[in-house]
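Before any comments, here is the structure.
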Protein chains: 2
Amino acid sequence: MAKYQALDDVFVALADPTRRAVIRRLGEGSASVGELAEPFPITLPSFMKHVRMLETSGLIRTRKTGRVRICTLNQKRLSLVDDWLAEQRDLWEQRTDRLEQFVTHPQEKP
Amino acid sequence: MAKYQALDDVFVALADPTRRAVIRRLGEGSASVGELAEPFPITLPSFMKHVRMLETSGLIRTRKTGRVRICTLNQKRLSLVDDWLAEQRDLWEQRTDRLEQFVTHPQEKP
């Protein structure tokens, strides 16, 4: 159940262009909340909601350095999405194999 | 903007264990709404909301055959997620290359 919840949180976090842009920017290196917020025409409190959602999902980590909050990407968290996609692909391939088996040896049960 | 919206819809659709289970089940082959709903302890109208959300995202297609609605997975739609992940990975690799360049040739500007 914990894994389901983690995947839910990651997918919810990625379902917004502002949050995806933050992930993308952090892929180039850590940045302060102020630097990250700069390109977006929204208030800092609104932006902080996005930051908190990303942090809850585990996709980013933040730490306070004096009065500045620095955000860092946690690339490993995206592997949850990779793993889920790989699992689906495995299922499709198994199905294709079964269909192929059925077409080439129709008398055998798959 | 259309691409952003499509990604938003796909990520929102994937942010729920029932909808991910439907995607997984359809990976094994098409199925009717009734068959898909069967394992879930929710009402059919609630289940239909999930089906509609999956359809809106483009992850599944549905067609009516008599009184039965058949759902089919649209695997290609998941490539939006693949492409987005690949884009992030490219950025990380470019960054690693720049850091490596800086470490091995610190006098040159990256």
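Labeling convention for the structure tokens: chains A, B, ... as they appear, residues from 1 per chain, ligands from 1 in order of appearance.
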Fit chain A to chain B, all Cα atoms paired in order, least squares. Then write it as a compact mmCIF listing (two decimals) with N, CA, C and O atoms, in the first residue's frame.
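superposed.txt, written as the output of this step:
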```txt
# COMPACT_ATOMS: atom_id res chain seq x y z
N MET A 1 1.24 24.16 -25.54
CA MET A 1 0.28 24.11 -24.40
C MET A 1 -0.53 22.82 -24.44
O MET A 1 -0.80 22.21 -23.43
N ALA A 2 -0.87 22.40 -25.68
CA ALA A 2 -1.66 21.17 -25.84
C ALA A 2 -0.87 19.98 -25.29
O ALA A 2 -1.45 19.11 -24.64
N LYS A 3 0.46 20.00 -25.52
CA LYS A 3 1.30 18.90 -25.05
C LYS A 3 1.33 18.88 -23.51
O LYS A 3 1.28 17.83 -22.90
N TYR A 4 1.43 20.09 -22.92
CA TYR A 4 1.41 20.19 -21.46
C TYR A 4 0.13 19.59 -20.92
O TYR A 4 0.14 18.81 -19.97
N GLN A 5 -1.01 19.99 -21.54
CA GLN A 5 -2.30 19.53 -21.06
C GLN A 5 -2.40 18.01 -21.18
O GLN A 5 -2.89 17.34 -20.26
N ALA A 6 -1.89 17.48 -22.30
CA ALA A 6 -1.93 16.03 -22.51
C ALA A 6 -1.12 15.32 -21.42
O ALA A 6 -1.58 14.33 -20.85
N LEU A 7 0.05 15.87 -21.08
CA LEU A 7 0.88 15.27 -20.03
C LEU A 7 0.18 15.38 -18.67
O LEU A 7 0.19 14.43 -17.89
N ASP A 8 -0.41 16.56 -18.41
CA ASP A 8 -1.16 16.73 -17.16
C ASP A 8 -2.22 15.63 -17.04
O ASP A 8 -2.33 14.97 -16.01
N ASP A 9 -3.00 15.45 -18.12
CA ASP A 9 -4.10 14.48 -18.10
C ASP A 9 -3.59 13.06 -17.88
O ASP A 9 -4.21 12.28 -17.15
N VAL A 10 -2.48 12.73 -18.54
CA VAL A 10 -1.93 11.38 -18.40
C VAL A 10 -1.45 11.15 -16.97
O VAL A 10 -1.76 10.13 -16.35
N PHE A 11 -0.71 12.13 -16.41
CA PHE A 11 -0.21 11.97 -15.04
C PHE A 11 -1.36 11.91 -14.03
O PHE A 11 -1.33 11.11 -13.09
N VAL A 12 -2.38 12.74 -14.23
CA VAL A 12 -3.54 12.70 -13.32
C VAL A 12 -4.20 11.32 -13.42
O VAL A 12 -4.54 10.71 -12.40
N ALA A 13 -4.35 10.83 -14.63
CA ALA A 13 -4.99 9.52 -14.83
C ALA A 13 -4.21 8.41 -14.13
O ALA A 13 -4.80 7.47 -13.59
N LEU A 14 -2.89 8.54 -14.12
CA LEU A 14 -2.05 7.47 -13.53
C LEU A 14 -1.92 7.60 -12.01
O LEU A 14 -1.39 6.70 -11.36
N ALA A 15 -2.42 8.72 -11.46
CA ALA A 15 -2.24 8.99 -10.02
C ALA A 15 -3.30 8.33 -9.15
O ALA A 15 -3.70 8.87 -8.12
N ASP A 16 -3.74 7.16 -9.55
CA ASP A 16 -4.78 6.47 -8.77
C ASP A 16 -4.62 4.96 -8.96
O ASP A 16 -4.51 4.49 -10.10
N PRO A 17 -4.59 4.20 -7.85
CA PRO A 17 -4.32 2.76 -7.96
C PRO A 17 -5.37 2.00 -8.76
O PRO A 17 -5.04 1.04 -9.46
N THR A 18 -6.64 2.42 -8.69
CA THR A 18 -7.68 1.74 -9.47
C THR A 18 -7.42 1.93 -10.97
O THR A 18 -7.46 0.97 -11.74
N ARG A 19 -7.11 3.17 -11.35
CA ARG A 19 -6.87 3.44 -12.77
C ARG A 19 -5.60 2.73 -13.27
O ARG A 19 -5.55 2.22 -14.38
N ARG A 20 -4.57 2.68 -12.40
CA ARG A 20 -3.36 1.96 -12.81
C ARG A 20 -3.64 0.46 -12.96
O ARG A 20 -3.12 -0.20 -13.87
N ALA A 21 -4.50 -0.06 -12.08
CA ALA A 21 -4.86 -1.49 -12.17
C ALA A 21 -5.62 -1.76 -13.47
O ALA A 21 -5.43 -2.82 -14.09
N VAL A 22 -6.44 -0.81 -13.90
CA VAL A 22 -7.19 -0.97 -15.15
C VAL A 22 -6.21 -0.98 -16.34
O VAL A 22 -6.30 -1.83 -17.23
N ILE A 23 -5.25 -0.05 -16.31
CA ILE A 23 -4.23 0.00 -17.37
C ILE A 23 -3.49 -1.34 -17.44
O ILE A 23 -3.28 -1.90 -18.51
N ARG A 24 -3.14 -1.83 -16.25
CA ARG A 24 -2.41 -3.10 -16.16
C ARG A 24 -3.24 -4.26 -16.74
O ARG A 24 -2.75 -5.05 -17.53
N ARG A 25 -4.51 -4.31 -16.34
CA ARG A 25 -5.40 -5.37 -16.83
C ARG A 25 -5.56 -5.28 -18.35
O ARG A 25 -5.54 -6.31 -19.04
N LEU A 26 -5.69 -4.06 -18.87
CA LEU A 26 -5.88 -3.90 -20.31
C LEU A 26 -4.60 -4.21 -21.09
O LEU A 26 -4.66 -4.47 -22.29
N GLY A 27 -3.47 -4.20 -20.39
CA GLY A 27 -2.22 -4.63 -21.02
C GLY A 27 -2.27 -6.10 -21.42
O GLY A 27 -1.52 -6.55 -22.29
N GLU A 28 -3.16 -6.85 -20.78
CA GLU A 28 -3.32 -8.28 -21.11
C GLU A 28 -4.34 -8.49 -22.24
O GLU A 28 -4.52 -9.60 -22.71
N GLY A 29 -5.05 -7.41 -22.61
CA GLY A 29 -6.04 -7.52 -23.68
C GLY A 29 -7.29 -6.70 -23.36
O GLY A 29 -7.52 -6.34 -22.20
N SER A 30 -8.07 -6.40 -24.38
CA SER A 30 -9.28 -5.59 -24.22
C SER A 30 -10.28 -6.28 -23.28
O SER A 30 -10.24 -7.50 -23.10
N ALA A 31 -11.14 -5.49 -22.66
CA ALA A 31 -12.13 -6.05 -21.73
C ALA A 31 -13.33 -5.11 -21.66
O ALA A 31 -13.21 -3.90 -21.95
N SER A 32 -14.46 -5.66 -21.27
CA SER A 32 -15.66 -4.82 -21.10
C SER A 32 -15.57 -4.07 -19.78
O SER A 32 -14.82 -4.47 -18.87
N VAL A 33 -16.34 -2.98 -19.67
CA VAL A 33 -16.36 -2.21 -18.42
C VAL A 33 -16.77 -3.11 -17.25
O VAL A 33 -16.19 -3.04 -16.17
N GLY A 34 -17.75 -3.99 -17.49
CA GLY A 34 -18.21 -4.91 -16.45
C GLY A 34 -17.10 -5.81 -15.94
O GLY A 34 -16.90 -5.95 -14.72
N GLU A 35 -16.33 -6.38 -16.87
CA GLU A 35 -15.21 -7.25 -16.49
C GLU A 35 -14.15 -6.47 -15.70
O GLU A 35 -13.60 -6.95 -14.72
N LEU A 36 -13.89 -5.24 -16.19
CA LEU A 36 -12.85 -4.42 -15.55
C LEU A 36 -13.26 -4.02 -14.14
O LEU A 36 -12.44 -3.97 -13.23
N ALA A 37 -14.56 -3.74 -13.97
CA ALA A 37 -15.05 -3.23 -12.68
C ALA A 37 -15.10 -4.33 -11.61
O ALA A 37 -15.00 -4.04 -10.42
N GLU A 38 -15.23 -5.58 -12.09
CA GLU A 38 -15.50 -6.71 -11.20
C GLU A 38 -14.61 -6.79 -9.95
O GLU A 38 -15.14 -6.98 -8.84
N PRO A 39 -13.26 -6.62 -10.07
CA PRO A 39 -12.42 -6.79 -8.86
C PRO A 39 -12.54 -5.66 -7.84
O PRO A 39 -11.99 -5.77 -6.75
N PHE A 40 -13.20 -4.55 -8.19
CA PHE A 40 -13.15 -3.37 -7.33
C PHE A 40 -14.42 -3.22 -6.49
O PHE A 40 -15.52 -3.32 -7.03
N PRO A 41 -14.25 -2.98 -5.20
CA PRO A 41 -15.41 -2.86 -4.30
C PRO A 41 -16.03 -1.46 -4.37
O PRO A 41 -16.21 -0.81 -3.35
N ILE A 42 -16.31 -1.00 -5.59
CA ILE A 42 -16.95 0.32 -5.74
C ILE A 42 -18.15 0.18 -6.67
O ILE A 42 -18.26 -0.81 -7.40
N THR A 43 -19.02 1.17 -6.65
CA THR A 43 -20.22 1.11 -7.50
C THR A 43 -19.83 1.30 -8.97
O THR A 43 -18.78 1.87 -9.26
N LEU A 44 -20.69 0.86 -9.86
CA LEU A 44 -20.40 1.00 -11.29
C LEU A 44 -20.30 2.49 -11.69
O LEU A 44 -19.39 2.85 -12.44
N PRO A 45 -21.18 3.38 -11.18
CA PRO A 45 -21.02 4.80 -11.54
C PRO A 45 -19.65 5.36 -11.12
O PRO A 45 -19.04 6.11 -11.86
N SER A 46 -19.18 4.97 -9.92
CA SER A 46 -17.84 5.42 -9.48
C SER A 46 -16.78 4.87 -10.41
O SER A 46 -15.83 5.57 -10.77
N PHE A 47 -16.94 3.61 -10.77
CA PHE A 47 -15.94 3.00 -11.66
C PHE A 47 -15.94 3.69 -13.02
O PHE A 47 -14.88 3.91 -13.60
N MET A 48 -17.14 4.05 -13.49
CA MET A 48 -17.25 4.72 -14.79
C MET A 48 -16.49 6.05 -14.81
O MET A 48 -15.97 6.46 -15.84
N LYS A 49 -16.43 6.72 -13.65
CA LYS A 49 -15.67 7.98 -13.58
C LYS A 49 -14.19 7.71 -13.89
O LYS A 49 -13.54 8.49 -14.59
N HIS A 50 -13.68 6.60 -13.34
CA HIS A 50 -12.28 6.24 -13.62
C HIS A 50 -12.10 5.95 -15.12
O HIS A 50 -11.12 6.38 -15.72
N VAL A 51 -13.06 5.21 -15.69
CA VAL A 51 -12.98 4.86 -17.11
C VAL A 51 -12.99 6.13 -17.96
O VAL A 51 -12.18 6.28 -18.88
N ARG A 52 -13.86 7.05 -17.60
CA ARG A 52 -13.94 8.29 -18.39
C ARG A 52 -12.65 9.11 -18.28
O ARG A 52 -12.20 9.71 -19.26
N MET A 53 -12.06 9.12 -17.07
CA MET A 53 -10.82 9.87 -16.89
C MET A 53 -9.69 9.25 -17.72
O MET A 53 -8.89 9.96 -18.33
N LEU A 54 -9.66 7.92 -17.75
CA LEU A 54 -8.65 7.23 -18.56
C LEU A 54 -8.87 7.52 -20.04
O LEU A 54 -7.92 7.71 -20.80
N GLU A 55 -10.15 7.57 -20.44
CA GLU A 55 -10.47 7.84 -21.85
C GLU A 55 -10.08 9.28 -22.22
O GLU A 55 -9.50 9.52 -23.28
N THR A 56 -10.39 10.23 -21.34
CA THR A 56 -10.05 11.63 -21.59
C THR A 56 -8.54 11.80 -21.76
O THR A 56 -8.07 12.56 -22.59
N SER A 57 -7.78 11.06 -20.96
CA SER A 57 -6.31 11.17 -21.01
C SER A 57 -5.76 10.54 -22.29
O SER A 57 -4.58 10.71 -22.59
N GLY A 58 -6.58 9.76 -22.98
CA GLY A 58 -6.11 9.07 -24.19
C GLY A 58 -5.44 7.74 -23.91
O GLY A 58 -4.97 7.08 -24.82
N LEU A 59 -5.36 7.36 -22.61
CA LEU A 59 -4.67 6.11 -22.28
C LEU A 59 -5.48 4.88 -22.67
O LEU A 59 -4.92 3.80 -22.89
N ILE A 60 -6.81 5.04 -22.71
CA ILE A 60 -7.64 3.92 -23.19
C ILE A 60 -8.64 4.45 -24.22
O ILE A 60 -8.90 5.67 -24.28
N ARG A 61 -9.15 3.54 -25.03
CA ARG A 61 -10.22 3.85 -25.96
C ARG A 61 -11.38 2.94 -25.63
O ARG A 61 -11.16 1.81 -25.18
N THR A 62 -12.60 3.44 -25.83
CA THR A 62 -13.75 2.57 -25.57
C THR A 62 -14.67 2.58 -26.79
O THR A 62 -14.71 3.56 -27.53
N ARG A 63 -15.35 1.46 -26.96
CA ARG A 63 -16.35 1.42 -28.05
C ARG A 63 -17.53 0.57 -27.58
O ARG A 63 -17.36 -0.39 -26.82
N LYS A 64 -18.71 0.97 -28.02
CA LYS A 64 -19.92 0.28 -27.60
C LYS A 64 -20.19 -0.84 -28.61
O LYS A 64 -20.21 -0.61 -29.82
N THR A 65 -20.38 -2.06 -28.10
CA THR A 65 -20.75 -3.19 -28.95
C THR A 65 -22.07 -3.72 -28.38
O THR A 65 -22.06 -4.40 -27.35
N GLY A 66 -23.16 -3.35 -29.00
CA GLY A 66 -24.47 -3.68 -28.44
C GLY A 66 -24.64 -2.95 -27.12
O GLY A 66 -24.48 -1.72 -27.07
N ARG A 67 -24.86 -3.70 -26.03
CA ARG A 67 -25.04 -3.03 -24.74
C ARG A 67 -23.77 -3.05 -23.89
O ARG A 67 -23.78 -2.68 -22.72
N VAL A 68 -22.69 -3.51 -24.51
CA VAL A 68 -21.43 -3.66 -23.76
C VAL A 68 -20.42 -2.62 -24.24
O VAL A 68 -20.29 -2.39 -25.45
N ARG A 69 -19.72 -1.97 -23.29
CA ARG A 69 -18.66 -1.04 -23.67
C ARG A 69 -17.31 -1.73 -23.50
O ARG A 69 -16.96 -2.15 -22.40
N ILE A 70 -16.60 -1.84 -24.62
CA ILE A 70 -15.29 -2.52 -24.61
C ILE A 70 -14.18 -1.48 -24.50
O ILE A 70 -14.19 -0.47 -25.20
N CYS A 71 -13.23 -1.74 -23.60
CA CYS A 71 -12.10 -0.83 -23.39
C CYS A 71 -10.82 -1.45 -23.94
O CYS A 71 -10.59 -2.65 -23.77
N THR A 72 -10.01 -0.61 -24.56
CA THR A 72 -8.74 -1.06 -25.15
C THR A 72 -7.64 -0.09 -24.70
O THR A 72 -7.87 1.12 -24.67
N LEU A 73 -6.49 -0.65 -24.38
CA LEU A 73 -5.36 0.19 -23.99
C LEU A 73 -4.76 0.88 -25.21
O LEU A 73 -4.63 0.25 -26.26
N ASN A 74 -4.42 2.15 -25.07
CA ASN A 74 -3.69 2.88 -26.11
C ASN A 74 -2.25 3.05 -25.64
O ASN A 74 -1.89 4.08 -25.05
N GLN A 75 -1.46 2.00 -25.87
CA GLN A 75 -0.09 1.96 -25.32
C GLN A 75 0.73 3.19 -25.70
O GLN A 75 1.56 3.65 -24.93
N LYS A 76 0.48 3.69 -26.93
CA LYS A 76 1.28 4.82 -27.42
C LYS A 76 1.20 6.04 -26.51
O LYS A 76 2.13 6.83 -26.45
N ARG A 77 0.06 6.18 -25.84
CA ARG A 77 -0.12 7.36 -25.00
C ARG A 77 0.88 7.39 -23.85
O ARG A 77 1.26 8.46 -23.37
N LEU A 78 1.28 6.21 -23.40
CA LEU A 78 2.26 6.15 -22.31
C LEU A 78 3.63 6.65 -22.76
O LEU A 78 4.48 6.96 -21.93
N SER A 79 3.84 6.75 -24.08
CA SER A 79 5.14 7.24 -24.56
C SER A 79 5.33 8.72 -24.19
O SER A 79 6.46 9.20 -24.14
N LEU A 80 4.23 9.44 -23.94
CA LEU A 80 4.37 10.81 -23.44
C LEU A 80 5.19 10.82 -22.16
O LEU A 80 6.04 11.69 -21.94
N VAL A 81 4.91 9.84 -21.29
CA VAL A 81 5.64 9.75 -20.01
C VAL A 81 7.09 9.33 -20.27
O VAL A 81 8.02 9.92 -19.71
N ASP A 82 7.26 8.34 -21.15
CA ASP A 82 8.61 7.91 -21.53
C ASP A 82 9.42 9.09 -22.04
O ASP A 82 10.57 9.28 -21.65
N ASP A 83 8.82 9.85 -22.97
CA ASP A 83 9.54 10.98 -23.58
C ASP A 83 9.92 12.01 -22.54
O ASP A 83 11.03 12.55 -22.56
N TRP A 84 9.02 12.29 -21.63
CA TRP A 84 9.29 13.28 -20.59
C TRP A 84 10.45 12.82 -19.70
O TRP A 84 11.37 13.58 -19.39
N LEU A 85 10.41 11.52 -19.32
CA LEU A 85 11.49 10.98 -18.48
C LEU A 85 12.83 11.04 -19.23
O LEU A 85 13.85 11.40 -18.63
N ALA A 86 12.81 10.71 -20.52
CA ALA A 86 14.04 10.72 -21.33
C ALA A 86 14.62 12.13 -21.39
O ALA A 86 15.84 12.32 -21.31
N GLU A 87 13.74 13.12 -21.51
CA GLU A 87 14.16 14.53 -21.57
C GLU A 87 14.88 14.92 -20.28
O GLU A 87 15.92 15.60 -20.31
N GLN A 88 14.34 14.48 -19.13
CA GLN A 88 14.98 14.80 -17.85
C GLN A 88 16.35 14.15 -17.76
O GLN A 88 17.32 14.76 -17.35
N ARG A 89 16.40 12.88 -18.20
CA ARG A 89 17.66 12.14 -18.13
C ARG A 89 18.74 12.80 -18.99
O ARG A 89 19.90 12.90 -18.58
N ASP A 90 18.34 13.30 -20.17
CA ASP A 90 19.27 14.02 -21.04
C ASP A 90 19.85 15.23 -20.30
O ASP A 90 21.06 15.48 -20.36
N LEU A 91 19.00 15.96 -19.61
CA LEU A 91 19.46 17.14 -18.87
C LEU A 91 20.48 16.76 -17.80
O LEU A 91 21.49 17.43 -17.62
N TRP A 92 20.20 15.66 -17.08
CA TRP A 92 21.12 15.24 -16.01
C TRP A 92 22.47 14.86 -16.61
O TRP A 92 23.51 15.16 -16.05
N GLU A 93 22.40 14.15 -17.76
CA GLU A 93 23.64 13.70 -18.39
C GLU A 93 24.46 14.89 -18.89
O GLU A 93 25.67 14.92 -18.73
N GLN A 94 23.79 15.87 -19.48
CA GLN A 94 24.48 17.08 -19.94
C GLN A 94 25.17 17.75 -18.75
O GLN A 94 26.30 18.21 -18.85
N ARG A 95 24.48 17.77 -17.61
CA ARG A 95 25.03 18.40 -16.42
C ARG A 95 26.26 17.63 -15.94
O ARG A 95 27.29 18.21 -15.60
N THR A 96 26.14 16.30 -15.91
CA THR A 96 27.27 15.46 -15.50
C THR A 96 28.46 15.69 -16.42
O THR A 96 29.60 15.81 -15.97
N ASP A 97 28.18 15.79 -17.74
CA ASP A 97 29.26 16.05 -18.70
C ASP A 97 29.94 17.39 -18.40
O ASP A 97 31.16 17.49 -18.43
N ARG A 98 29.14 18.41 -18.12
CA ARG A 98 29.70 19.74 -17.82
C ARG A 98 30.56 19.70 -16.57
O ARG A 98 31.63 20.29 -16.51
N LEU A 99 30.06 18.97 -15.54
CA LEU A 99 30.81 18.87 -14.28
C LEU A 99 32.13 18.15 -14.52
O LEU A 99 33.18 18.55 -14.02
N GLU A 100 32.09 17.08 -15.33
CA GLU A 100 33.27 16.29 -15.64
C GLU A 100 34.30 17.17 -16.37
O GLU A 100 35.48 17.17 -16.04
N GLN A 101 33.79 17.91 -17.34
CA GLN A 101 34.62 18.84 -18.12
C GLN A 101 35.31 19.83 -17.18
O GLN A 101 36.50 20.12 -17.30
N PHE A 102 34.54 20.32 -16.22
CA PHE A 102 35.05 21.31 -15.28
C PHE A 102 36.13 20.71 -14.38
O PHE A 102 37.14 21.35 -14.07
N VAL A 103 35.93 19.45 -13.95
CA VAL A 103 36.88 18.79 -13.06
C VAL A 103 38.17 18.44 -13.81
O VAL A 103 39.27 18.61 -13.29
N THR A 104 38.02 17.97 -15.07
CA THR A 104 39.22 17.54 -15.82
C THR A 104 39.94 18.72 -16.49
O THR A 104 41.14 18.67 -16.69
N HIS A 105 39.18 19.78 -16.86
CA HIS A 105 39.79 20.97 -17.47
C HIS A 105 39.29 22.22 -16.76
O HIS A 105 38.56 23.02 -17.36
N PRO A 106 39.67 22.40 -15.50
CA PRO A 106 39.09 23.48 -14.70
C PRO A 106 39.36 24.89 -15.26
O PRO A 106 38.62 25.81 -14.98
N GLN A 107 40.41 25.04 -16.10
CA GLN A 107 40.73 26.37 -16.61
C GLN A 107 39.77 26.83 -17.71
O GLN A 107 39.59 28.02 -17.93
N GLU A 108 39.15 25.84 -18.44
CA GLU A 108 38.24 26.21 -19.52
C GLU A 108 36.85 26.50 -18.97
O GLU A 108 36.42 25.88 -18.01
N LYS A 109 36.18 27.42 -19.62
CA LYS A 109 34.79 27.70 -19.20
C LYS A 109 33.91 26.57 -19.72
O LYS A 109 34.08 26.14 -20.86
N PRO A 110 32.99 26.08 -18.91
CA PRO A 110 32.15 24.97 -19.37
C PRO A 110 31.21 25.41 -20.49
O PRO A 110 30.84 26.54 -20.56
```
So that I can check the secondary structure, give me every residue of chain A assigned strand (DSSP E or B) by backbone DSSP, as a short mmCIF file (atom, residue, chain, number, x, y, z; two decimals) with C-alpha atoms, in the first residue's frame.
```cif
data_model
loop_
_atom_site.label_atom_id
_atom_site.label_comp_id
_atom_site.auth_asym_id
_atom_site.auth_seq_id
_atom_site.Cartn_x
_atom_site.Cartn_y
_atom_site.Cartn_z
CA ALA A 31 18.50 26.18 -6.59
CA SER A 32 16.86 28.33 -3.95
CA ILE A 60 12.82 16.99 -4.35
CA ARG A 61 14.55 17.62 -1.05
CA THR A 62 14.87 21.01 0.60
CA ARG A 63 17.16 22.35 3.27
CA LYS A 64 17.33 25.72 4.97
CA THR A 65 20.66 27.56 4.73
CA VAL A 68 17.33 30.63 2.07
CA ARG A 69 15.66 27.30 1.29
CA ILE A 70 17.69 25.26 -1.19
CA CYS A 71 15.93 22.62 -3.31
CA THR A 72 17.63 19.55 -4.76
CA LEU A 73 16.25 16.98 -7.18
#
```
(message) I need the alpha helix (DSSP H) residues of chain A per DSSP on the backbone, written as a count of residues only.
(response) 68
